[in-house]
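Here is the file final-v2.cif (mmCIF, C-alpha atoms (C1' of nucleotides)).
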data_structure
loop_
_atom_site.label_atom_id
_atom_site.label_comp_id
_atom_site.auth_asym_id
_atom_site.auth_seq_id
_atom_site.Cartn_x
_atom_site.Cartn_y
_atom_site.Cartn_z
CA MET A 1 -32.04 43.10 -2.42
CA ALA A 2 -29.09 44.36 -4.27
CA ILE A 3 -30.05 42.57 -7.43
CA ALA A 4 -33.19 42.76 -9.48
CA PHE A 5 -34.49 40.05 -11.76
CA THR A 6 -36.72 41.05 -14.64
CA ILE A 7 -38.38 38.44 -16.80
CA ALA A 8 -38.77 39.82 -20.29
CA LYS A 9 -40.41 36.83 -21.91
CA LYS A 10 -41.74 33.44 -20.95
CA SER A 11 -41.84 30.71 -23.52
CA LYS A 12 -45.13 29.20 -24.49
CA LYS A 13 -43.46 26.01 -25.63
CA SER A 14 -41.46 25.21 -22.51
CA ARG A 15 -40.63 26.51 -19.05
CA ALA A 16 -37.85 28.62 -20.54
CA ARG A 17 -37.76 32.31 -19.90
CA MET A 18 -35.45 35.15 -20.79
CA GLY A 19 -34.71 38.16 -18.68
CA VAL A 20 -32.10 40.31 -17.01
CA ILE A 21 -30.38 40.08 -13.65
CA SER A 22 -29.30 43.57 -12.61
CA THR A 23 -26.50 43.82 -10.09
CA PRO A 24 -24.43 46.68 -8.66
CA HIS A 25 -21.73 45.62 -11.13
CA GLY A 26 -23.91 45.51 -14.22
CA ASP A 27 -26.61 43.52 -15.94
CA VAL A 28 -26.65 39.96 -17.20
CA GLU A 29 -29.05 38.73 -19.82
CA THR A 30 -30.52 35.37 -18.94
CA PRO A 31 -30.37 32.51 -19.59
CA ALA A 32 -26.64 32.81 -19.02
CA LEU A 33 -23.65 30.59 -18.58
CA VAL A 34 -21.70 31.54 -15.47
CA THR A 35 -17.99 31.22 -16.09
CA VAL A 36 -16.06 29.51 -13.34
CA ALA A 37 -13.30 31.53 -11.68
CA THR A 38 -12.70 29.47 -8.56
CA GLN A 39 -9.67 31.32 -7.29
CA ALA A 40 -10.68 34.75 -8.56
CA ALA A 41 -9.36 33.98 -12.01
CA VAL A 42 -10.71 32.29 -15.09
CA LYS A 43 -7.93 29.74 -15.36
CA ALA A 44 -5.57 30.47 -18.25
CA LEU A 45 -7.31 33.71 -19.23
CA THR A 46 -7.06 37.41 -18.51
CA ASN A 47 -10.29 39.19 -17.65
CA ASP A 48 -10.28 40.85 -21.05
CA GLN A 49 -10.03 37.49 -22.77
CA ALA A 50 -12.90 36.11 -20.71
CA ALA A 51 -15.05 39.12 -21.50
CA ALA A 52 -14.15 38.90 -25.18
CA ALA A 53 -15.31 35.28 -25.15
CA GLY A 54 -18.72 36.52 -24.06
CA SER A 55 -18.57 35.82 -20.34
CA LYS A 56 -20.59 38.33 -18.31
CA LEU A 57 -20.95 36.70 -14.91
CA LEU A 58 -18.25 34.83 -13.01
CA ILE A 59 -18.41 32.52 -10.02
CA ALA A 60 -15.58 32.24 -7.51
CA ASN A 61 -15.34 29.83 -4.61
CA THR A 62 -15.57 30.61 -0.93
CA LEU A 63 -13.57 27.72 0.47
CA HIS A 64 -10.75 28.14 -2.03
CA LEU A 65 -10.51 31.88 -1.45
CA HIS A 66 -10.77 31.34 2.29
CA LEU A 67 -7.79 28.98 2.22
CA LYS A 68 -5.88 31.34 -0.04
CA PRO A 69 -5.59 34.31 0.26
CA GLY A 70 -8.34 34.62 2.91
CA GLY A 71 -11.49 36.72 2.92
CA THR A 72 -9.84 39.59 4.76
CA ILE A 73 -7.24 40.07 2.05
CA VAL A 74 -9.99 40.27 -0.56
CA LYS A 75 -12.05 42.61 1.57
CA ASN A 76 -9.13 44.94 2.24
CA ALA A 77 -8.38 44.97 -1.47
CA GLY A 78 -11.79 46.51 -2.00
CA GLY A 79 -13.83 43.37 -2.53
CA LEU A 80 -13.69 40.63 -5.12
CA GLN A 81 -14.30 42.71 -8.24
CA GLU A 82 -11.84 45.40 -7.24
CA PHE A 83 -9.30 42.78 -6.16
CA MET A 84 -9.32 40.94 -9.48
CA ALA A 85 -10.25 43.95 -11.59
CA TRP A 86 -13.30 42.29 -13.09
CA ASN A 87 -15.75 44.94 -14.16
CA GLY A 88 -18.84 42.82 -14.02
CA PRO A 89 -21.19 40.80 -11.84
CA MET A 90 -19.94 37.93 -9.75
CA MET A 91 -21.15 35.09 -7.59
CA THR A 92 -19.40 33.06 -4.93
CA ASP A 93 -20.20 29.44 -4.36
CA SER A 94 -20.51 28.71 -0.65
CA GLY A 95 -18.03 25.87 -0.24
CA GLY A 96 -20.80 23.30 0.06
CA PHE A 97 -19.66 21.50 -3.05
CA GLN A 98 -16.20 21.10 -1.54
CA VAL A 99 -17.84 19.05 1.22
CA PHE A 100 -18.28 16.56 -1.55
CA SER A 101 -15.38 17.23 -3.91
CA LEU A 102 -12.69 17.26 -1.22
CA GLY A 103 -14.37 14.37 0.56
CA PHE A 104 -15.82 11.56 -1.49
CA GLY A 105 -14.75 13.10 -4.74
CA ARG A 106 -11.13 13.06 -3.75
CA ASP A 107 -11.13 9.76 -1.91
CA PHE A 108 -12.86 7.80 -4.63
CA GLY A 109 -11.97 9.73 -7.76
CA MET A 110 -15.65 10.32 -8.35
CA GLY A 111 -17.56 13.15 -9.96
CA LYS A 112 -20.90 14.27 -8.69
CA ILE A 113 -22.44 12.50 -11.65
CA LEU A 114 -22.07 8.79 -11.11
CA LYS A 115 -20.61 6.69 -13.87
CA GLU A 116 -21.71 3.07 -13.96
CA LYS A 117 -18.27 1.55 -13.73
CA SER A 118 -17.20 3.31 -10.54
CA LYS A 119 -20.22 2.09 -8.59
CA ALA A 120 -19.04 -1.25 -7.32
CA LYS A 121 -15.92 -0.40 -5.35
CA ILE A 122 -17.36 2.10 -2.91
CA GLY A 123 -19.23 0.98 0.16
CA ALA A 124 -22.48 2.81 0.76
CA ARG A 125 -21.41 3.77 4.27
CA ALA A 126 -17.87 4.80 3.38
CA LYS A 127 -16.74 8.03 5.01
CA PRO A 128 -14.44 10.57 3.44
CA LYS A 129 -11.01 10.84 5.05
CA LEU A 130 -10.22 14.51 4.82
CA LEU A 131 -13.35 15.95 6.34
CA THR A 132 -15.92 15.44 9.03
CA ILE A 133 -19.50 16.60 8.66
CA GLY A 134 -21.30 17.65 11.82
CA GLU A 135 -24.51 19.43 12.68
CA ASP A 136 -22.82 22.83 12.86
CA GLY A 137 -20.65 22.52 9.82
CA VAL A 138 -17.75 20.72 8.24
CA LEU A 139 -14.18 20.20 9.41
CA PHE A 140 -11.99 20.33 6.34
CA THR A 141 -8.37 19.31 6.12
CA SER A 142 -6.70 21.94 4.00
CA TYR A 143 -5.16 20.44 0.89
CA LEU A 144 -2.59 23.22 1.02
CA ASP A 145 -1.00 22.59 4.40
CA GLY A 146 -3.05 19.97 6.22
CA LYS A 147 -4.53 22.50 8.66
CA LYS A 148 -8.00 21.83 10.00
CA ILE A 149 -10.49 24.37 8.73
CA PHE A 150 -13.97 24.50 10.17
CA MET A 151 -16.70 25.95 8.01
CA GLY A 152 -20.36 26.09 8.84
CA PRO A 153 -23.22 28.09 7.34
CA LYS A 154 -22.47 31.17 9.41
CA ASP A 155 -18.75 31.05 8.59
CA SER A 156 -19.47 30.68 4.91
CA ILE A 157 -21.74 33.73 4.96
CA ARG A 158 -19.18 35.79 6.88
CA ILE A 159 -16.50 34.89 4.38
CA GLN A 160 -18.76 35.54 1.40
CA GLU A 161 -19.62 38.91 2.90
CA ALA A 162 -15.93 39.72 3.17
CA ILE A 163 -15.30 38.59 -0.38
CA GLY A 164 -18.20 40.74 -1.50
CA ALA A 165 -19.66 39.16 -4.65
CA ASP A 166 -23.06 40.36 -5.89
CA ILE A 167 -24.68 36.97 -5.47
CA ILE A 168 -23.77 34.52 -2.71
CA PHE A 169 -24.96 31.01 -1.92
CA ALA A 170 -26.14 29.31 1.25
CA PHE A 171 -23.82 26.69 2.66
CA ASP A 172 -25.15 23.27 1.72
CA GLU A 173 -24.01 19.68 1.71
CA CYS A 174 -23.63 18.24 -1.75
CA THR A 175 -24.04 14.51 -1.19
CA SER A 176 -22.19 11.89 -3.17
CA PRO A 177 -24.04 10.07 -5.95
CA ILE A 178 -23.81 6.82 -3.99
CA ALA A 179 -25.51 8.23 -0.90
CA ASP A 180 -28.51 6.13 0.04
CA ARG A 181 -31.96 7.50 0.78
CA ALA A 182 -31.49 7.62 4.55
CA TYR A 183 -28.26 9.58 4.27
CA THR A 184 -29.64 11.86 1.58
CA ILE A 185 -32.59 12.74 3.81
CA ALA A 186 -30.31 13.50 6.76
CA ALA A 187 -28.03 15.65 4.61
CA MET A 188 -30.95 17.42 2.98
CA GLU A 189 -32.58 18.25 6.30
CA ARG A 190 -29.25 19.51 7.61
CA THR A 191 -28.93 21.66 4.47
CA HIS A 192 -32.39 23.07 5.18
CA ARG A 193 -31.41 23.96 8.75
CA TRP A 194 -28.22 25.54 7.46
CA ALA A 195 -30.24 27.57 4.95
CA LYS A 196 -32.12 29.17 7.82
CA VAL A 197 -28.85 29.86 9.65
CA CYS A 198 -27.47 31.54 6.53
CA LEU A 199 -30.50 33.80 6.20
CA ASP A 200 -30.30 34.78 9.85
CA ALA A 201 -26.57 35.37 9.71
CA GLN A 202 -26.54 37.65 6.71
CA ARG A 203 -25.80 41.33 7.39
CA THR A 204 -25.16 42.64 3.87
CA LYS A 205 -27.39 43.46 0.93
CA GLN A 206 -25.81 40.85 -1.32
CA ALA A 207 -28.31 38.58 -3.02
CA LEU A 208 -28.34 35.33 -1.06
CA PHE A 209 -29.44 32.23 -2.97
CA GLY A 210 -30.69 29.12 -1.18
CA ILE A 211 -29.74 25.68 -2.47
CA VAL A 212 -32.10 22.82 -3.17
CA GLN A 213 -30.76 19.33 -2.49
CA GLY A 214 -32.43 15.92 -2.30
CA GLY A 215 -29.99 13.89 -4.39
CA LYS A 216 -31.39 11.47 -6.89
CA PHE A 217 -34.74 11.05 -5.13
CA LEU A 218 -37.54 12.84 -6.89
CA ASP A 219 -39.81 13.20 -3.85
CA LEU A 220 -36.93 14.57 -1.79
CA ARG A 221 -36.18 17.03 -4.55
CA ARG A 222 -39.76 18.29 -4.45
CA GLN A 223 -39.69 18.45 -0.69
CA SER A 224 -36.42 20.35 -0.65
CA ALA A 225 -37.57 22.78 -3.33
CA LYS A 226 -40.78 23.44 -1.43
CA ILE A 227 -38.97 24.16 1.83
CA ILE A 228 -36.08 26.17 0.41
CA GLY A 229 -38.39 27.89 -2.07
CA ALA A 230 -40.55 29.19 0.78
CA MET A 231 -37.60 30.86 2.47
CA PRO A 232 -36.90 34.54 1.73
CA PHE A 233 -33.94 34.00 -0.56
CA ALA A 234 -33.21 36.31 -3.48
CA GLY A 235 -32.88 33.36 -5.78
CA PHE A 236 -32.24 29.64 -5.77
CA GLY A 237 -29.51 27.24 -6.62
CA ILE A 238 -30.14 23.63 -7.50
CA GLY A 239 -27.27 21.41 -6.45
CA GLY A 240 -26.21 17.82 -6.33
CA GLU A 241 -26.80 15.10 -8.85
CA PHE A 242 -29.74 14.44 -11.09
CA GLY A 243 -29.82 10.76 -11.76
CA ALA A 244 -28.35 8.48 -14.32
CA ASP A 245 -29.21 10.07 -17.64
CA LYS A 246 -30.14 13.35 -19.27
CA ARG A 247 -33.84 12.64 -19.39
CA THR A 248 -33.92 11.95 -15.68
CA MET A 249 -32.07 15.21 -15.18
CA SER A 250 -34.82 17.07 -17.02
CA VAL A 251 -37.49 15.38 -14.93
CA MET A 252 -35.75 16.25 -11.68
CA ILE A 253 -35.12 19.87 -12.65
CA ARG A 254 -38.72 20.22 -13.75
CA ALA A 255 -39.95 18.87 -10.41
CA VAL A 256 -37.76 21.35 -8.55
CA VAL A 257 -38.58 24.33 -10.73
CA ASN A 258 -42.30 23.66 -10.30
CA GLU A 259 -41.91 24.24 -6.56
CA LEU A 260 -39.80 27.40 -6.79
CA PRO A 261 -41.26 30.92 -6.92
CA ASP A 262 -41.54 31.99 -10.53
CA GLU A 263 -40.30 35.53 -10.09
CA LYS A 264 -36.90 34.65 -8.64
CA PRO A 265 -33.83 33.50 -10.58
CA ARG A 266 -32.87 29.84 -10.63
CA HIS A 267 -29.28 28.77 -10.88
CA LEU A 268 -28.27 25.23 -11.75
CA LEU A 269 -25.01 24.40 -10.03
CA GLY A 270 -22.29 22.69 -11.99
CA ILE A 271 -24.12 21.44 -15.03
CA GLY A 272 -23.53 22.39 -18.62
CA HIS A 273 -22.11 20.12 -21.28
CA PRO A 274 -23.07 21.54 -24.68
CA GLU A 275 -25.86 18.99 -25.07
CA ASP A 276 -27.25 19.96 -21.63
CA ILE A 277 -27.63 23.65 -22.31
CA ARG A 278 -30.83 23.75 -24.35
CA ARG A 279 -32.33 21.01 -22.19
CA ILE A 280 -31.83 22.77 -18.86
CA ILE A 281 -32.91 26.16 -20.19
CA LYS A 282 -36.13 24.57 -21.41
CA GLU A 283 -36.80 23.43 -17.87
CA GLY A 284 -36.66 27.01 -16.62
CA ILE A 285 -33.05 27.43 -15.58
CA ASP A 286 -31.87 31.07 -15.72
CA THR A 287 -28.20 30.69 -14.96
CA PHE A 288 -25.82 27.76 -14.68
CA ASP A 289 -22.12 27.35 -14.12
CA CYS A 290 -19.91 24.63 -15.43
CA THR A 291 -16.19 23.93 -15.41
CA VAL A 292 -16.36 21.95 -18.62
CA PRO A 293 -15.41 24.67 -21.14
CA THR A 294 -12.38 25.79 -19.12
CA HIS A 295 -11.33 22.53 -17.51
CA TYR A 296 -11.58 20.47 -20.68
CA ALA A 297 -9.73 23.14 -22.62
CA ARG A 298 -6.69 22.74 -20.44
CA HIS A 299 -6.81 19.01 -21.02
CA GLY A 300 -6.90 19.38 -24.77
CA THR A 301 -10.59 19.10 -25.60
CA ALA A 302 -12.16 21.70 -27.87
CA PHE A 303 -15.92 21.78 -28.32
CA THR A 304 -17.11 22.63 -31.79
CA SER A 305 -20.29 22.78 -33.82
CA ARG A 306 -19.32 19.37 -35.11
CA GLY A 307 -18.43 17.69 -31.83
CA ARG A 308 -15.38 17.36 -29.67
CA ILE A 309 -11.83 17.63 -30.87
CA GLU A 310 -8.94 16.14 -28.90
CA ILE A 311 -6.35 18.56 -30.13
CA GLY A 312 -3.43 16.52 -28.78
CA LYS A 313 -3.91 13.73 -31.31
CA ALA A 314 -0.97 13.56 -33.63
CA GLY A 315 -3.20 13.62 -36.69
CA TYR A 316 -3.91 17.30 -36.10
CA TYR A 317 -0.26 18.14 -36.81
CA LYS A 318 -1.21 18.15 -40.48
CA ASP A 319 -4.56 19.84 -40.14
CA ARG A 320 -4.48 23.44 -41.25
CA LYS A 321 -8.17 24.09 -40.68
CA PRO A 322 -9.37 26.10 -37.68
CA LEU A 323 -10.77 24.25 -34.66
CA ASP A 324 -14.27 24.98 -35.84
CA PRO A 325 -14.74 26.34 -39.36
CA ALA A 326 -18.11 27.68 -38.29
CA CYS A 327 -16.66 29.65 -35.37
CA GLU A 328 -15.78 33.32 -35.49
CA CYS A 329 -13.71 33.49 -32.33
CA PRO A 330 -10.19 34.93 -32.50
CA VAL A 331 -8.67 31.48 -32.09
CA CYS A 332 -10.56 30.08 -35.04
CA THR A 333 -9.90 33.09 -37.24
CA GLU A 334 -6.17 33.15 -36.50
CA HIS A 335 -4.95 29.67 -35.69
CA SER A 336 -4.84 26.24 -37.27
CA ARG A 337 -5.44 22.94 -35.56
CA ALA A 338 -1.85 22.11 -36.47
CA TYR A 339 -0.51 24.99 -34.42
CA LEU A 340 -2.81 24.28 -31.48
CA CYS A 341 -1.84 20.63 -31.63
CA HIS A 342 1.80 21.60 -31.50
CA LEU A 343 1.28 24.01 -28.59
CA PHE A 344 -0.63 21.40 -26.63
CA ARG A 345 1.90 18.67 -27.19
CA ALA A 346 4.76 20.99 -26.42
CA LYS A 347 2.96 21.79 -23.17
CA GLU A 348 2.92 25.49 -23.90
CA MET A 349 0.54 27.38 -21.61
CA THR A 350 -0.80 29.20 -24.62
CA ALA A 351 -2.52 25.99 -25.69
CA GLY A 352 -4.70 26.12 -22.57
CA THR A 353 -5.35 29.79 -23.10
CA LEU A 354 -6.41 29.47 -26.72
CA LEU A 355 -8.58 26.41 -26.17
CA THR A 356 -10.23 28.07 -23.18
CA MET A 357 -10.95 31.18 -25.25
CA HIS A 358 -12.48 29.08 -27.97
CA ASN A 359 -14.53 26.85 -25.65
CA LEU A 360 -15.95 29.79 -23.74
CA HIS A 361 -16.82 31.52 -26.97
CA PHE A 362 -18.52 28.36 -28.16
CA PHE A 363 -20.49 27.75 -24.94
CA ASN A 364 -21.51 31.38 -24.60
CA GLY A 365 -22.56 31.34 -28.23
CA LEU A 366 -24.80 28.34 -27.63
CA VAL A 367 -26.55 30.18 -24.83
CA VAL A 368 -27.01 33.30 -26.97
CA GLN A 369 -28.48 31.08 -29.65
CA VAL A 370 -31.00 29.54 -27.26
CA ARG A 371 -31.83 33.00 -25.91
CA ASN A 372 -32.59 34.14 -29.44
CA GLU A 373 -34.74 31.10 -29.97
CA ILE A 374 -36.76 31.98 -26.88
CA ARG A 375 -37.09 35.52 -28.18
CA ARG A 376 -38.38 34.27 -31.50
CA GLY A 377 -40.73 31.83 -29.83
CA LYS A 378 -38.91 28.77 -31.09
CA VAL A 379 -37.98 27.27 -27.73
"C1'" G B 380 46.30 1.22 -34.32
"C1'" U B 381 45.92 -0.43 -28.85
"C1'" G B 382 43.02 -0.71 -24.44
"C1'" A B 383 38.62 -0.09 -21.44
"C1'" C B 384 33.49 0.31 -21.19
"C1'" C B 385 28.78 -0.20 -23.46
"C1'" A B 386 24.78 -2.44 -26.77
"C1'" U B 387 17.38 -4.00 -23.68
"C1'" G B 388 10.37 -1.22 -26.96
"C1'" G B 389 10.47 5.09 -30.78
"C1'" U B 390 13.73 7.57 -26.64
"C1'" G B 391 16.18 7.30 -21.73
"C1'" C B 392 17.05 3.79 -18.10
"C1'" A B 393 16.21 -1.09 -14.79
"C1'" A B 394 16.65 -6.37 -13.84
"C1'" C B 395 17.90 -11.66 -12.99
"C1'" G B 396 21.62 -18.14 -14.83
"C1'" G B 397 14.98 -20.06 -14.40
"C1'" U B 398 7.52 -19.51 -15.12
"C1'" U B 399 3.97 -13.36 -18.03
"C1'" A B 400 11.99 -8.83 -18.99
"C1'" G B 401 10.29 -3.69 -14.97
"C1'" C B 402 9.98 1.88 -15.04
"C1'" A B 403 9.58 6.80 -17.25
"C1'" C B 404 8.66 9.64 -21.54
"C1'" A B 405 6.79 9.31 -26.48
"C1'" G B 406 2.60 6.67 -29.31
"C1'" C B 407 -2.49 4.96 -29.40
"C1'" G B 408 -7.45 4.76 -26.89
"C1'" G B 409 -10.69 6.41 -23.03
"C1'" G B 410 -12.13 9.56 -18.87
"C1'" U B 411 -12.43 14.27 -16.54
"C1'" U B 412 -20.28 18.65 -15.22
"C1'" G B 413 -21.05 24.16 -8.06
"C1'" U B 414 -12.15 22.98 -11.00
"C1'" G B 415 -6.69 20.56 -5.91
"C1'" G B 416 -3.64 24.68 -13.20
"C1'" U B 417 -1.13 20.18 -17.56
"C1'" C B 418 -4.40 15.37 -14.36
"C1'" C B 419 -6.44 10.02 -14.09
"C1'" C B 420 -7.17 5.07 -16.30
"C1'" G B 421 -6.19 1.55 -20.10
"C1'" U B 422 -3.07 -0.15 -24.12
"C1'" U B 423 0.78 -1.08 -28.13
"C1'" A B 424 5.86 -1.86 -28.28
"C1'" A B 425 12.44 -4.42 -26.78
"C1'" U B 426 17.14 -8.11 -25.01
"C1'" G B 427 22.33 -5.70 -32.13
"C1'" A B 428 24.22 -10.40 -35.27
"C1'" G B 429 26.46 -15.23 -35.08
"C1'" G B 430 28.53 -19.16 -32.29
"C1'" G B 431 29.65 -21.60 -27.49
"C1'" U B 432 28.93 -23.21 -22.02
"C1'" U B 433 24.31 -24.93 -19.54
"C1'" C B 434 18.63 -28.83 -18.20
"C1'" G B 435 17.86 -23.60 -19.20
"C1'" A B 436 21.27 -17.45 -21.39
"C1'" U B 437 18.85 -10.98 -21.84
"C1'" U B 438 22.49 -12.43 -17.98
"C1'" C B 439 28.57 -16.25 -18.48
"C1'" C B 440 32.50 -17.01 -22.73
"C1'" C B 441 34.24 -16.06 -28.01
"C1'" U B 442 33.78 -13.59 -32.79
"C1'" C B 443 31.55 -9.81 -35.63
"C1'" U B 444 29.05 -5.14 -36.09
"C1'" G B 445 28.11 -0.42 -33.96
"C1'" G B 446 29.04 3.36 -30.23
"C1'" U B 447 31.69 6.09 -26.15
"C1'" C B 448 36.16 7.26 -23.65
"C1'" A B 449 41.43 6.98 -22.95
"C1'" C B 450 46.26 6.21 -24.96
"C1'" C B 451 49.69 6.06 -29.16
#
So, in terms of structure tokens, how does the structure I just supplied come out?
Amino acid sequence: MAIAFTIAKKSKKSRARMGVISTPHGDVETPALVTVATQAAVKALTNDQAAAAGSKLLIANTLHLHLKPGGTIVKNAGGLQEFMAWNGPMMTDSGGFQVFSLGFGRDFGMGKILKEKSKAKIGARAKPKLLTIGEDGVLFTSYLDGKKIFMGPKDSIRIQEAIGADIIFAFDECTSPIADRAYTIAAMERTHRWAKVCLDAQRTKQALFGIVQGGKFLDLRRQSAKIIGAMPFAGFGIGGEFGADKRTMSVMIRAVVNELPDEKPRHLLGIGHPEDIRRIIKEGIDTFDCTVPTHYARHGTAFTSRGRIEIGKAGYYKDRKPLDPACECPVCTEHSRAYLCHLFRAKEMTAGTLLTMHNLHFFNGLVVQVRNEIRRGKV
RNA sequence: GUGACCAUGGUGCAACGGUUAGCACAGCGGGUUGUGGUCCCGUUAAUGAGGGUUCGAUUCCCUCUGGUCACC
């Protein structure tokens, strides 16, 4: 394996642990937030800005980079890190989430976490329009030019090998939150078969993580974790949805973590609102990625120690305080809410940049705080 | 001074002699958890003033007020 995972301390109060993931591109202290850089860029930021905000480990996306510019371009540029000049560790997500997000997600305007009000309209047997899922993989319709793109587990691994991140993920099917038990079982079992194909296909020394599925069904989650956890992966991702509320999420993660080998890193895919961070770390999650700090920033939401701020509200025109008086990030030390409000309403790109810098600083700070609490035996 | 054209939410436009006057932006509220890079949903808000024709006028006519353009 090209990465090593060292656990420095296990909590006595929870399943939390702290440690270090060592990669050819440097070390990452865990627990860690993985900053999303889908298209080989943290949207709105330069690499230096992302690093200054405390981001150590980035995750790019295989399907997106495959569509543009293509794995070969990245490979010929010297690999992902060389290509984007990021001097640190990186992951690539396999494209499995896009089976959902470009399918059901797009067709029904749905996130992977189901909100009560969207439930009614969608038939349980509805099929996404832009893709077809088969035993060997998924036929995507490119959102860029309408071309049909086939991607199966072997293709995803080939592409991730070309892209060359330190940690790569098995190709899975992220099911929609409305999927019924029968469909979830079929998709889960297919994901398990694909996991085996990914392991067999791999030719590089990159760390390959398997992905646990099983949707909102606790027994399926256990089953999936047991099967995937027994495979010789370097680490594990936990994907899909986790039920209706935060407590259910904890229960599901706990059930999965209990089945996974203790000595290998566990990555929670796509979860991480501020209020989730301590909760998921306590269940034994080592790394997690989330678009919330960056995505919300570009839509005008700043996260602060005192809650969310919608910086576009006209009232902030007159507010000369920083976003978060308790924050020491460059945005909070230099800029007022009034200025940020103006930038956002004037649609200046800088608004997205500054809010992203702040949000990442805030989220990374929360993780550091929890890490320190583990160190001091408080979590 | 004369003539033409115009006057519709905060702004820019649309509509028709007939029940709830449409759209965009702005405003306000909400959403956005393995990112399709400024998005999605909801909501507030208007026929310049006065008279006339008509069953009924934002629409047609007159006057006034205000504006734009042209001419003297």
Which residues of chain B sit at most 9 Å from chain A, using all atoms listed in the file? Give each one's shortest atom pair and distance in Å (one decimal place), in chain and ascending residue order, as a Markdown table.
| residue | atom | partner | partner_atom | distance |
| --- | --- | --- | --- | --- |
| B:G406 | C1' | A:Ala314 | CA | 8.9 |
| B:U411 | C1' | A:Tyr296 | CA | 7.5 |
| B:U412 | C1' | A:Ile271 | CA | 4.8 |
| B:G413 | C1' | A:Gly270 | CA | 4.4 |
| B:U414 | C1' | A:Thr291 | CA | 6.1 |
| B:G415 | C1' | A:Tyr143 | CA | 7.0 |
| B:G416 | C1' | A:Lys43 | CA | 7.0 |
| B:U417 | C1' | A:His299 | CA | 6.8 |
| B:C418 | C1' | A:His299 | CA | 8.0 |
| B:C419 | C1' | A:Gly109 | CA | 8.4 |
Kindly export the residues of the current selection with C-alpha atoms (C1' of nucleotides), as a CSV table (one decimal), in the coordinates of the input.
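Output file out_14.csv follows:
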chain,number,residue,atom,x,y,z
B,406,G,C1',2.6,6.7,-29.3
B,411,U,C1',-12.4,14.3,-16.5
B,412,U,C1',-20.3,18.6,-15.2
B,413,G,C1',-21.0,24.2,-8.1
B,414,U,C1',-12.2,23.0,-11.0
B,415,G,C1',-6.7,20.6,-5.9
B,416,G,C1',-3.6,24.7,-13.2
B,417,U,C1',-1.1,20.2,-17.6
B,418,C,C1',-4.4,15.4,-14.4
B,419,C,C1',-6.4,10.0,-14.1
Name the residues captured by the PyMOL selection byres ((chain B and resi 395-402) around 8) when it is applied to the shown file; answer as an NGL selection string.
:B and (392-394 or 403 or 426 or 435-438)
Within 9 Å of A:Ala255, counting all atoms listed in the file, which residues qualify if same-chain residues fewer than 2 places away don't, as a VMD selection string?
chain A and resid 218 to 219 221 to 222 225 250 to 253 257 to 259
For stretch 446-450 of chain B, work out the shell of residues within 12 Å, counting all atoms listed in the file and skipping chain neighbours fewer than 2 positions away, then give it as a VMD selection string.
chain B and resid 380 to 386 427 444
Using only C-alpha atoms (C1' of nucleotides), what residues lie at most 10 Å away from (-20.6, 45.2, 7.7) (file coordinates), given as a PyMOL selection string?
chain A and resi 158+161-162+202-205
Just the number, please: distance in Å from atom CA of A:Ala297 to atom CA of A:Pro274, one decimal.
13.6 Å
Result set, the PyMOL selection byres ((chain A and resi 319) around 10) on current file, as a PyMOL selection string:
chain A and resi 314-318+320-323+336-341
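Of note, atom CA of A:Gln369 and atom CA of A:Thr30 are spaced 11.7 Å apart.
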Selection under test: the PyMOL selection byres ((chain A and resi 278) around 12); residues as a short mmCIF file (atom, residue, chain, number, x, y, z; two decimals) with C-alpha atoms, in the frame of the given file:
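Printed below is out_17.cif as written:
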data_model
loop_
_atom_site.label_atom_id
_atom_site.label_comp_id
_atom_site.auth_asym_id
_atom_site.auth_seq_id
_atom_site.Cartn_x
_atom_site.Cartn_y
_atom_site.Cartn_z
CA SER A 14 -41.46 25.21 -22.51
CA ARG A 15 -40.63 26.51 -19.05
CA ALA A 16 -37.85 28.62 -20.54
CA ARG A 17 -37.76 32.31 -19.90
CA PRO A 31 -30.37 32.51 -19.59
CA ALA A 32 -26.64 32.81 -19.02
CA LEU A 33 -23.65 30.59 -18.58
CA LYS A 246 -30.14 13.35 -19.27
CA SER A 250 -34.82 17.07 -17.02
CA ILE A 271 -24.12 21.44 -15.03
CA GLY A 272 -23.53 22.39 -18.62
CA HIS A 273 -22.11 20.12 -21.28
CA PRO A 274 -23.07 21.54 -24.68
CA GLU A 275 -25.86 18.99 -25.07
CA ASP A 276 -27.25 19.96 -21.63
CA ILE A 277 -27.63 23.65 -22.31
CA ARG A 279 -32.33 21.01 -22.19
CA ILE A 280 -31.83 22.77 -18.86
CA ILE A 281 -32.91 26.16 -20.19
CA LYS A 282 -36.13 24.57 -21.41
CA GLU A 283 -36.80 23.43 -17.87
CA GLY A 284 -36.66 27.01 -16.62
CA ILE A 285 -33.05 27.43 -15.58
CA ASP A 286 -31.87 31.07 -15.72
CA THR A 287 -28.20 30.69 -14.96
CA PHE A 288 -25.82 27.76 -14.68
CA PHE A 363 -20.49 27.75 -24.94
CA GLY A 365 -22.56 31.34 -28.23
CA LEU A 366 -24.80 28.34 -27.63
CA VAL A 367 -26.55 30.18 -24.83
CA VAL A 368 -27.01 33.30 -26.97
CA GLN A 369 -28.48 31.08 -29.65
CA VAL A 370 -31.00 29.54 -27.26
CA ARG A 371 -31.83 33.00 -25.91
CA ASN A 372 -32.59 34.14 -29.44
CA GLU A 373 -34.74 31.10 -29.97
CA ILE A 374 -36.76 31.98 -26.88
CA LYS A 378 -38.91 28.77 -31.09
CA VAL A 379 -37.98 27.27 -27.73
#
Counting all atoms listed in the file, find residues at most 8 Å from (-15.5, 42.9, -14.4) (file frame) and give them as a list of chain:residue names.
A:His25, A:Asn47, A:Lys56, A:Gln81, A:Ala85, A:Trp86, A:Asn87, A:Gly88, A:Pro89
